[in-house]
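Structure file upload.cif (mmCIF, C-alpha atoms) is printed below.
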data_entry
#
loop_
_atom_site.label_atom_id
_atom_site.label_comp_id
_atom_site.auth_asym_id
_atom_site.auth_seq_id
_atom_site.Cartn_x
_atom_site.Cartn_y
_atom_site.Cartn_z
CA MET A 1 -12.87 79.18 -18.03
CA SER A 2 -15.45 76.39 -18.09
CA GLY A 3 -12.62 73.86 -17.86
CA ASN A 4 -11.52 75.46 -14.60
CA ALA A 5 -15.01 75.26 -13.15
CA ILE A 6 -15.16 71.56 -13.96
CA ALA A 7 -11.75 70.92 -12.39
CA GLU A 8 -12.76 72.78 -9.24
CA ARG A 9 -15.96 70.79 -9.04
CA GLU A 10 -13.95 67.57 -9.31
CA VAL A 11 -11.64 68.64 -6.49
CA ALA A 12 -14.69 69.48 -4.42
CA LEU A 13 -16.16 66.06 -5.24
CA VAL A 14 -13.03 64.36 -3.90
CA ASP A 15 -13.46 66.35 -0.70
CA LEU A 16 -17.18 65.52 -0.55
CA VAL A 17 -16.62 61.78 -1.01
CA ASP A 18 -13.85 61.83 1.64
CA ARG A 19 -16.38 63.32 4.04
CA LEU A 20 -19.22 61.00 3.13
CA LEU A 21 -17.10 57.89 3.61
CA GLY A 22 -15.06 58.99 6.60
CA GLY A 23 -17.09 61.70 8.30
CA GLY A 24 -20.45 62.15 9.95
CA VAL A 25 -21.65 60.76 13.23
CA VAL A 26 -22.03 56.99 13.27
CA ILE A 27 -25.55 56.06 14.35
CA ALA A 28 -26.71 52.48 14.75
CA GLY A 29 -28.57 51.65 11.60
CA GLU A 30 -28.70 49.25 8.80
CA ILE A 31 -26.05 50.38 6.32
CA THR A 32 -27.26 49.17 2.98
CA LEU A 33 -26.52 52.05 0.63
CA ALA A 34 -24.09 51.23 -2.12
CA VAL A 35 -21.01 52.60 -0.43
CA ALA A 36 -18.93 50.47 -2.78
CA ASP A 37 -20.22 52.53 -5.72
CA VAL A 38 -19.12 55.71 -3.98
CA ASP A 39 -15.73 54.17 -3.33
CA LEU A 40 -15.33 53.69 -7.05
CA VAL A 41 -16.17 57.34 -7.69
CA HIS A 42 -13.58 58.09 -5.04
CA VAL A 43 -10.82 56.06 -6.62
CA SER A 44 -11.44 57.39 -10.12
CA LEU A 45 -11.18 60.96 -8.85
CA ARG A 46 -8.12 60.53 -6.69
CA ALA A 47 -5.72 61.18 -9.54
CA LEU A 48 -7.46 64.44 -10.33
CA VAL A 49 -6.05 66.21 -7.30
CA SER A 50 -2.53 65.94 -8.63
CA SER A 51 -3.49 66.75 -12.22
CA VAL A 52 -5.40 69.83 -11.08
CA ALA A 53 -2.40 70.80 -9.01
CA THR A 54 -0.24 70.62 -12.09
CA ALA A 55 -2.66 72.77 -14.06
CA GLN A 56 -2.65 75.27 -11.23
CA ARG A 57 1.12 75.57 -11.22
CA GLN A 58 1.01 76.25 -14.91
CA GLY A 59 -1.34 79.13 -14.24
CA VAL A 60 -4.39 77.45 -15.75
CA LEU A 61 -6.32 77.42 -12.51
CA PRO A 62 -6.65 80.15 -9.93
CA ALA A 63 -4.98 79.19 -6.66
CA ASP A 64 -8.00 80.25 -4.65
CA SER A 65 -10.24 77.40 -5.75
CA ASP A 66 -12.60 77.66 -2.82
CA ALA A 67 -15.41 75.78 -4.55
CA PRO A 68 -18.16 74.75 -4.23
CA MET B 1 -36.40 52.36 4.22
CA ILE B 2 -35.41 55.91 5.19
CA GLU B 3 -32.00 57.50 5.32
CA LEU B 4 -30.78 59.41 8.36
CA LEU B 5 -29.24 62.67 7.13
CA ALA B 6 -28.56 64.79 10.17
CA ILE B 7 -29.11 65.32 13.88
CA THR B 8 -30.30 68.73 15.04
CA ASP B 9 -31.68 70.33 18.18
CA ASP B 10 -33.83 72.80 16.26
CA PRO B 11 -37.40 71.47 16.10
CA ALA B 12 -38.39 73.67 13.12
CA PRO B 13 -40.15 71.65 10.42
CA THR B 14 -38.34 70.70 7.21
CA GLU B 15 -39.45 70.89 3.59
CA PRO B 16 -40.47 67.69 1.77
CA PRO B 17 -38.99 65.23 0.93
CA LEU B 18 -37.22 65.72 4.25
CA ARG B 19 -38.93 64.98 7.54
CA ILE B 20 -37.86 65.64 11.09
CA VAL B 21 -38.37 62.88 13.65
CA ARG B 22 -38.38 63.92 17.32
CA ALA B 23 -36.12 61.93 19.60
CA GLY B 24 -36.06 63.37 23.10
CA GLY B 25 -34.74 66.93 22.84
CA LEU B 26 -33.20 66.21 19.44
CA GLY B 27 -34.52 65.86 15.94
CA VAL B 28 -33.39 63.40 13.30
CA ILE B 29 -33.71 64.70 9.75
CA VAL B 30 -34.61 61.84 7.44
CA ALA B 31 -35.28 61.36 3.73
CA PRO B 32 -36.68 58.51 1.66
CA ALA B 33 -33.83 56.09 0.89
CA ASN B 34 -32.29 56.73 -2.51
CA GLU B 35 -33.07 53.81 -4.82
CA ASP B 36 -31.16 55.16 -7.80
CA GLU B 37 -27.63 54.43 -8.81
CA VAL B 38 -25.10 56.45 -6.85
CA ASP B 39 -23.32 58.92 -9.10
CA ALA B 40 -21.72 62.29 -8.52
CA ASP B 41 -24.96 64.17 -9.24
CA ALA B 42 -26.84 62.13 -6.65
CA LEU B 43 -24.14 62.91 -4.07
CA TRP B 44 -24.34 66.62 -4.87
CA ARG B 45 -28.14 66.63 -4.60
CA ARG B 46 -27.86 65.05 -1.15
CA GLU B 47 -25.15 67.54 -0.22
CA ALA B 48 -27.32 70.47 -1.37
CA LEU B 49 -30.10 69.35 0.98
CA LEU B 50 -27.67 69.24 3.90
CA GLU B 51 -26.12 72.60 3.06
CA GLU B 52 -29.54 74.23 2.89
CA LEU B 53 -30.35 72.80 6.34
CA MET B 54 -26.98 73.99 7.61
CA GLU B 55 -27.94 77.57 6.72
CA GLN B 56 -30.93 77.37 9.05
CA ARG B 57 -29.71 75.37 12.04
CA ALA B 58 -26.83 73.65 13.80
CA LEU B 59 -26.58 70.05 12.65
CA LEU B 60 -24.44 66.94 12.80
CA PRO B 61 -24.28 65.11 9.48
CA VAL B 62 -24.89 61.37 9.88
CA ARG B 63 -22.44 58.91 8.27
CA TYR B 64 -23.41 58.42 4.64
CA GLY B 65 -25.55 55.38 3.96
CA THR B 66 -27.23 55.03 7.36
CA LEU B 67 -30.65 53.50 6.66
CA VAL B 68 -33.37 52.37 9.05
CA GLN B 69 -36.77 50.77 8.51
CA ASP B 70 -39.02 53.62 9.64
CA GLU B 71 -39.32 56.76 11.76
CA ALA B 72 -39.70 54.79 15.00
CA ALA B 73 -36.39 53.10 14.26
CA ALA B 74 -34.84 56.50 13.49
CA ALA B 75 -35.90 57.83 16.90
CA ALA B 76 -34.69 54.65 18.61
CA ALA B 77 -31.29 54.89 16.93
CA VAL B 78 -30.69 58.30 18.49
CA ALA B 79 -32.33 57.66 21.88
CA GLY B 80 -29.77 56.85 24.52
CA ARG B 81 -27.07 58.95 22.90
CA GLY B 82 -28.95 62.20 23.39
CA ASP B 83 -26.50 63.79 25.82
CA ALA B 84 -23.43 63.00 23.74
CA LEU B 85 -25.08 64.24 20.55
CA ALA B 86 -26.30 67.43 22.23
CA GLY B 87 -22.72 68.03 23.34
CA ALA B 88 -21.46 67.50 19.80
CA LEU B 89 -24.04 70.00 18.52
CA ARG B 90 -22.82 72.63 20.98
CA ARG B 91 -19.30 72.03 19.71
CA VAL B 92 -20.16 72.81 16.06
CA ARG B 93 -22.82 75.49 16.55
CA GLY B 94 -22.06 78.62 14.55
CA ALA B 95 -19.19 76.98 12.70
CA VAL B 96 -18.59 75.34 9.32
CA GLU B 97 -15.95 72.96 8.02
CA LEU B 98 -13.27 73.94 5.53
CA SER B 99 -11.07 71.46 3.74
CA VAL B 100 -7.46 72.20 2.83
CA ARG B 101 -5.14 70.05 0.75
CA ALA B 102 -1.61 71.03 -0.15
CA VAL B 103 0.00 69.17 -3.03
CA ALA B 104 3.74 69.29 -3.67
CA PRO B 105 5.33 68.83 -7.07
CA GLY B 106 7.35 65.69 -7.74
CA GLN B 107 6.60 62.14 -6.77
CA PRO B 108 8.12 60.30 -3.83
CA GLY B 109 10.75 57.83 -4.96
CA GLU B 110 12.71 60.22 -7.13
CA GLY B 111 16.42 60.45 -6.42
CA SER B 112 18.51 58.42 -3.99
CA PRO B 113 17.04 57.05 -0.73
CA GLY B 114 18.91 59.76 1.17
CA GLU B 115 17.51 62.53 -1.00
CA HIS B 116 14.08 60.96 -0.67
CA LEU B 117 14.29 61.05 3.13
CA GLN B 118 15.51 64.63 3.06
CA ALA B 119 12.67 65.66 0.78
CA ARG B 120 10.16 63.93 3.01
CA ALA B 121 11.49 65.68 6.08
CA ALA B 122 11.32 69.04 4.30
CA HIS B 123 7.75 68.32 3.18
CA GLU B 124 6.76 67.37 6.70
CA ARG B 125 8.19 70.61 8.08
CA THR B 126 6.29 72.63 5.49
CA ALA B 127 3.07 70.71 6.13
CA GLY B 128 3.43 71.19 9.87
CA ALA B 129 3.97 74.93 9.43
CA LEU B 130 0.97 75.29 7.11
CA HIS B 131 -1.26 73.26 9.40
CA GLY B 132 -0.13 75.21 12.43
CA ARG B 133 -1.08 78.54 10.90
CA LEU B 134 -4.43 77.27 9.65
CA ALA B 135 -5.23 75.54 12.95
CA ALA B 136 -4.59 78.80 14.81
CA ALA B 137 -7.44 80.37 12.78
CA ALA B 138 -9.84 77.51 13.51
CA ARG B 139 -11.99 76.42 16.43
CA GLU B 140 -10.90 72.80 15.95
CA HIS B 141 -8.88 70.91 13.40
CA VAL B 142 -8.06 67.41 12.26
CA ARG B 143 -5.22 66.31 10.02
CA HIS B 144 -5.35 63.13 7.96
CA ASP B 145 -2.60 60.99 6.52
CA GLY B 146 -2.55 60.84 2.78
CA ARG B 147 -0.52 61.13 -0.35
CA GLU B 148 -0.88 64.88 -0.26
CA LEU B 149 1.57 67.01 1.69
CA LEU B 150 -1.33 68.18 3.83
CA ARG B 151 -4.92 66.96 4.03
CA ALA B 152 -6.84 68.52 6.86
CA ALA B 153 -10.22 69.80 7.99
CA TYR B 154 -10.82 72.94 10.02
CA LEU B 155 -13.88 73.90 12.04
CA VAL B 156 -14.16 77.65 11.51
CA ASP B 157 -16.62 80.16 12.96
CA ARG B 158 -19.00 81.30 10.23
CA ASP B 159 -17.90 84.89 10.73
CA GLU B 160 -14.26 83.93 10.30
CA VAL B 161 -14.55 82.07 6.96
CA GLY B 162 -13.46 85.10 4.93
CA ARG B 163 -10.41 85.58 7.12
CA PHE B 164 -9.56 81.88 6.84
CA VAL B 165 -9.80 81.93 3.04
CA ALA B 166 -7.59 85.05 2.97
CA LEU B 167 -5.07 83.15 5.09
CA VAL B 168 -5.12 80.25 2.60
CA ARG B 169 -4.50 82.70 -0.25
CA GLY B 170 -1.65 84.25 1.68
CA LEU B 171 -0.09 80.83 2.30
CA GLN B 172 -0.45 80.00 -1.40
CA ALA B 173 1.36 83.25 -2.25
CA GLU B 174 4.15 82.36 0.19
CA HIS B 175 4.44 78.83 -1.17
CA GLY B 176 4.37 79.18 -4.93
CA GLU B 177 5.90 75.72 -5.25
CA LEU B 178 2.75 74.11 -3.76
CA SER B 179 -0.87 73.95 -4.81
CA ILE B 180 -3.16 74.69 -1.90
CA LEU B 181 -6.74 73.62 -2.54
CA CYS B 182 -9.44 74.86 -0.19
CA THR B 183 -13.09 73.79 -0.42
CA GLY B 184 -16.16 74.52 1.64
CA PRO B 185 -17.94 75.62 3.65
CA TRP B 186 -19.06 72.06 4.38
CA PRO B 187 -21.38 70.79 7.08
CA PRO B 188 -19.18 69.67 10.00
CA TYR B 189 -18.63 66.10 8.75
CA SER B 190 -15.21 65.79 10.35
CA PHE B 191 -16.36 67.17 13.72
CA ALA B 192 -19.69 65.37 14.12
CA GLU B 193 -18.63 62.44 16.27
CA PRO B 194 -19.10 63.18 19.99
CA GLU B 195 -15.77 63.49 21.78
CA GLY B 196 -14.65 60.35 23.57
CA ALA B 197 -17.00 58.26 21.43
#

Would you mind writing the file's structure down as structure tokens?
Amino acid sequence: MSGNAIAEREVALVDLVDRLLGGGVVIAGEITLAVADVDLVHVSLRALVSSVATAQRQGVLPADSDAP
Amino acid sequence: MIELLAITDDPAPTEPPLRIVRAGGLGVIVAPANEDEVDADALWRREALLEELMEQRALLPVRYGTLVQDEAAAAAAVAGRGDALAGALRRVRGAVELSVRAVAPGQPGEGSPGEHLQARAAHERTAGALHGRLAAAAREHVRHDGRELLRAAYLVDRDEVGRFVALVRGLQAEHGELSILCTGPWPPYSFAEPEGA
């Protein structure tokens, strides 16, 4: 079951990064955080959504992955 | 440098390392800027701080990576937008964000162009139906384009989260051919921008 927990956490991370990069109220400030680094995390995790989906269809993952 | 994490209208103090900076009737929750390398754990630690705050008060998450020099600059950044931000806080009060993705089997590009178009139209009908039922259970909703059949965010009353998750499970049971992935509750990232901004 630990494999499932990791997969769910990865799906949640994709959702988190989506929100960090595209969400939140934009306030005038000096944006200097390494957003590029986060983008890389984002890209490397993109493929996981479809692989997790495959695992789920095969009954490996519960369908109700309402993590975190 | 300090990072702006969230806007709130609850003046209650925060626990270190967070600080709350008063800006008119609003408060800006700030933290020392993160100097470390950004990795998944760092993002989750930041998220945990926000989610703890979200349990105690209505808040608007600030776009990730917003840094200012000091607390005076933090207050100045919010001053002048007070009314719009207060309106946005009213909009999200008592609600949380839930994310839903639906992923369909098969990759676009399989089969003839005609079959491809037909499959796309069928997917779009399914996505529209799913989104319609989820949106009806939400206070507000936003749907994004993406490779997935459906990628959307829903602003759901805290008291209704259980009902919403049950709805997702029901939709998954109806659509065994899809994988429906629901995460949350999240702070209202997708509903933080004042309307008309």

Target residues per the PyMOL selection byres ((chain B and resi 167-170) around 9), formatted as a JSON list (two decimals) with C-alpha atoms, keeping the file's coordinate frame:
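Written out: expr-v1.json:
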[["chain", "number", "residue", "atom", "x", "y", "z"],
["A", 63, "ALA", "CA", -4.98, 79.19, -6.66],
["A", 64, "ASP", "CA", -8.00, 80.25, -4.65],
["B", 100, "VAL", "CA", -7.46, 72.20, 2.83],
["B", 133, "ARG", "CA", -1.08, 78.54, 10.90],
["B", 134, "LEU", "CA", -4.43, 77.27, 9.65],
["B", 137, "ALA", "CA", -7.44, 80.37, 12.78],
["B", 162, "GLY", "CA", -13.46, 85.10, 4.93],
["B", 163, "ARG", "CA", -10.41, 85.58, 7.12],
["B", 164, "PHE", "CA", -9.56, 81.88, 6.84],
["B", 165, "VAL", "CA", -9.80, 81.93, 3.04],
["B", 166, "ALA", "CA", -7.59, 85.05, 2.97],
["B", 171, "LEU", "CA", -0.09, 80.83, 2.30],
["B", 172, "GLN", "CA", -0.45, 80.00, -1.40],
["B", 173, "ALA", "CA", 1.36, 83.25, -2.25],
["B", 174, "GLU", "CA", 4.15, 82.36, 0.19],
["B", 175, "HIS", "CA", 4.44, 78.83, -1.17],
["B", 180, "ILE", "CA", -3.16, 74.69, -1.90],
["B", 181, "LEU", "CA", -6.74, 73.62, -2.54],
["B", 182, "CYS", "CA", -9.44, 74.86, -0.19]]

Legend entry - Residue members of the PyMOL selection byres ((chain B) within 8 of (chain A)) in the file shown, as a ChimeraX atom specification: /B:38-40,60-68,77-78,99,103,105,165,168-169,172,176-185,188-194

Evaluating the PyMOL selection byres ((chain B and resi 11-23) around 8) on the displayed file yields which residues, as a compact mmCIF listing (two decimals) with C-alpha atoms, keeping the file's coordinate frame?
# COMPACT_ATOMS: atom_id res chain seq x y z
CA THR B 8 -30.30 68.73 15.04
CA ASP B 9 -31.68 70.33 18.18
CA ASP B 10 -33.83 72.80 16.26
CA GLY B 24 -36.06 63.37 23.10
CA GLY B 25 -34.74 66.93 22.84
CA LEU B 26 -33.20 66.21 19.44
CA GLY B 27 -34.52 65.86 15.94
CA VAL B 28 -33.39 63.40 13.30
CA ILE B 29 -33.71 64.70 9.75
CA VAL B 30 -34.61 61.84 7.44
CA ALA B 31 -35.28 61.36 3.73
CA PRO B 32 -36.68 58.51 1.66
CA GLU B 71 -39.32 56.76 11.76
CA ALA B 74 -34.84 56.50 13.49
CA ALA B 75 -35.90 57.83 16.90
CA ALA B 76 -34.69 54.65 18.61
CA VAL B 78 -30.69 58.30 18.49
CA ALA B 79 -32.33 57.66 21.88

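Across the model, the gap from CA of Leu149 in chain B to CA of Gly132 in chain B is 13.6 Å.
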
Inset, instruction - Between B:Leu5, B:Ala104, B:Ala127, B:Leu98, single out the one closest to Tyr154 in chain B, counting only C-alpha atoms. - result: B:Leu98

Inset, instruction - In Å, rounded to a single decimal, give me how far CA of Glu35 in chain B is from CA of Ala73 in chain B. - result: 19.4 Å

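Atom to atom, CA of Ile7 in chain B and CA of Glu37 in chain B stand 25.2 Å apart.
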
Inset, instruction - Return the single residue from B:Glu124, B:Arg57, B:Asn34, B:Leu117 that is closest to Ile2 in chain B, with distances computed using all atoms listed in the file. - result: B:Asn34

Might I get the box with edges along x, y and z of the file that holds all atoms of range 97-104 of chain B listed there, padded by 8 Å on every side, given as centre and edge lengths in Å to one decimal, as AutoDock Vina command-line options?
--center_x -6.1 --center_y 71.6 --center_z 2.2 --size_x 35.7 --size_y 20.8 --size_z 27.7
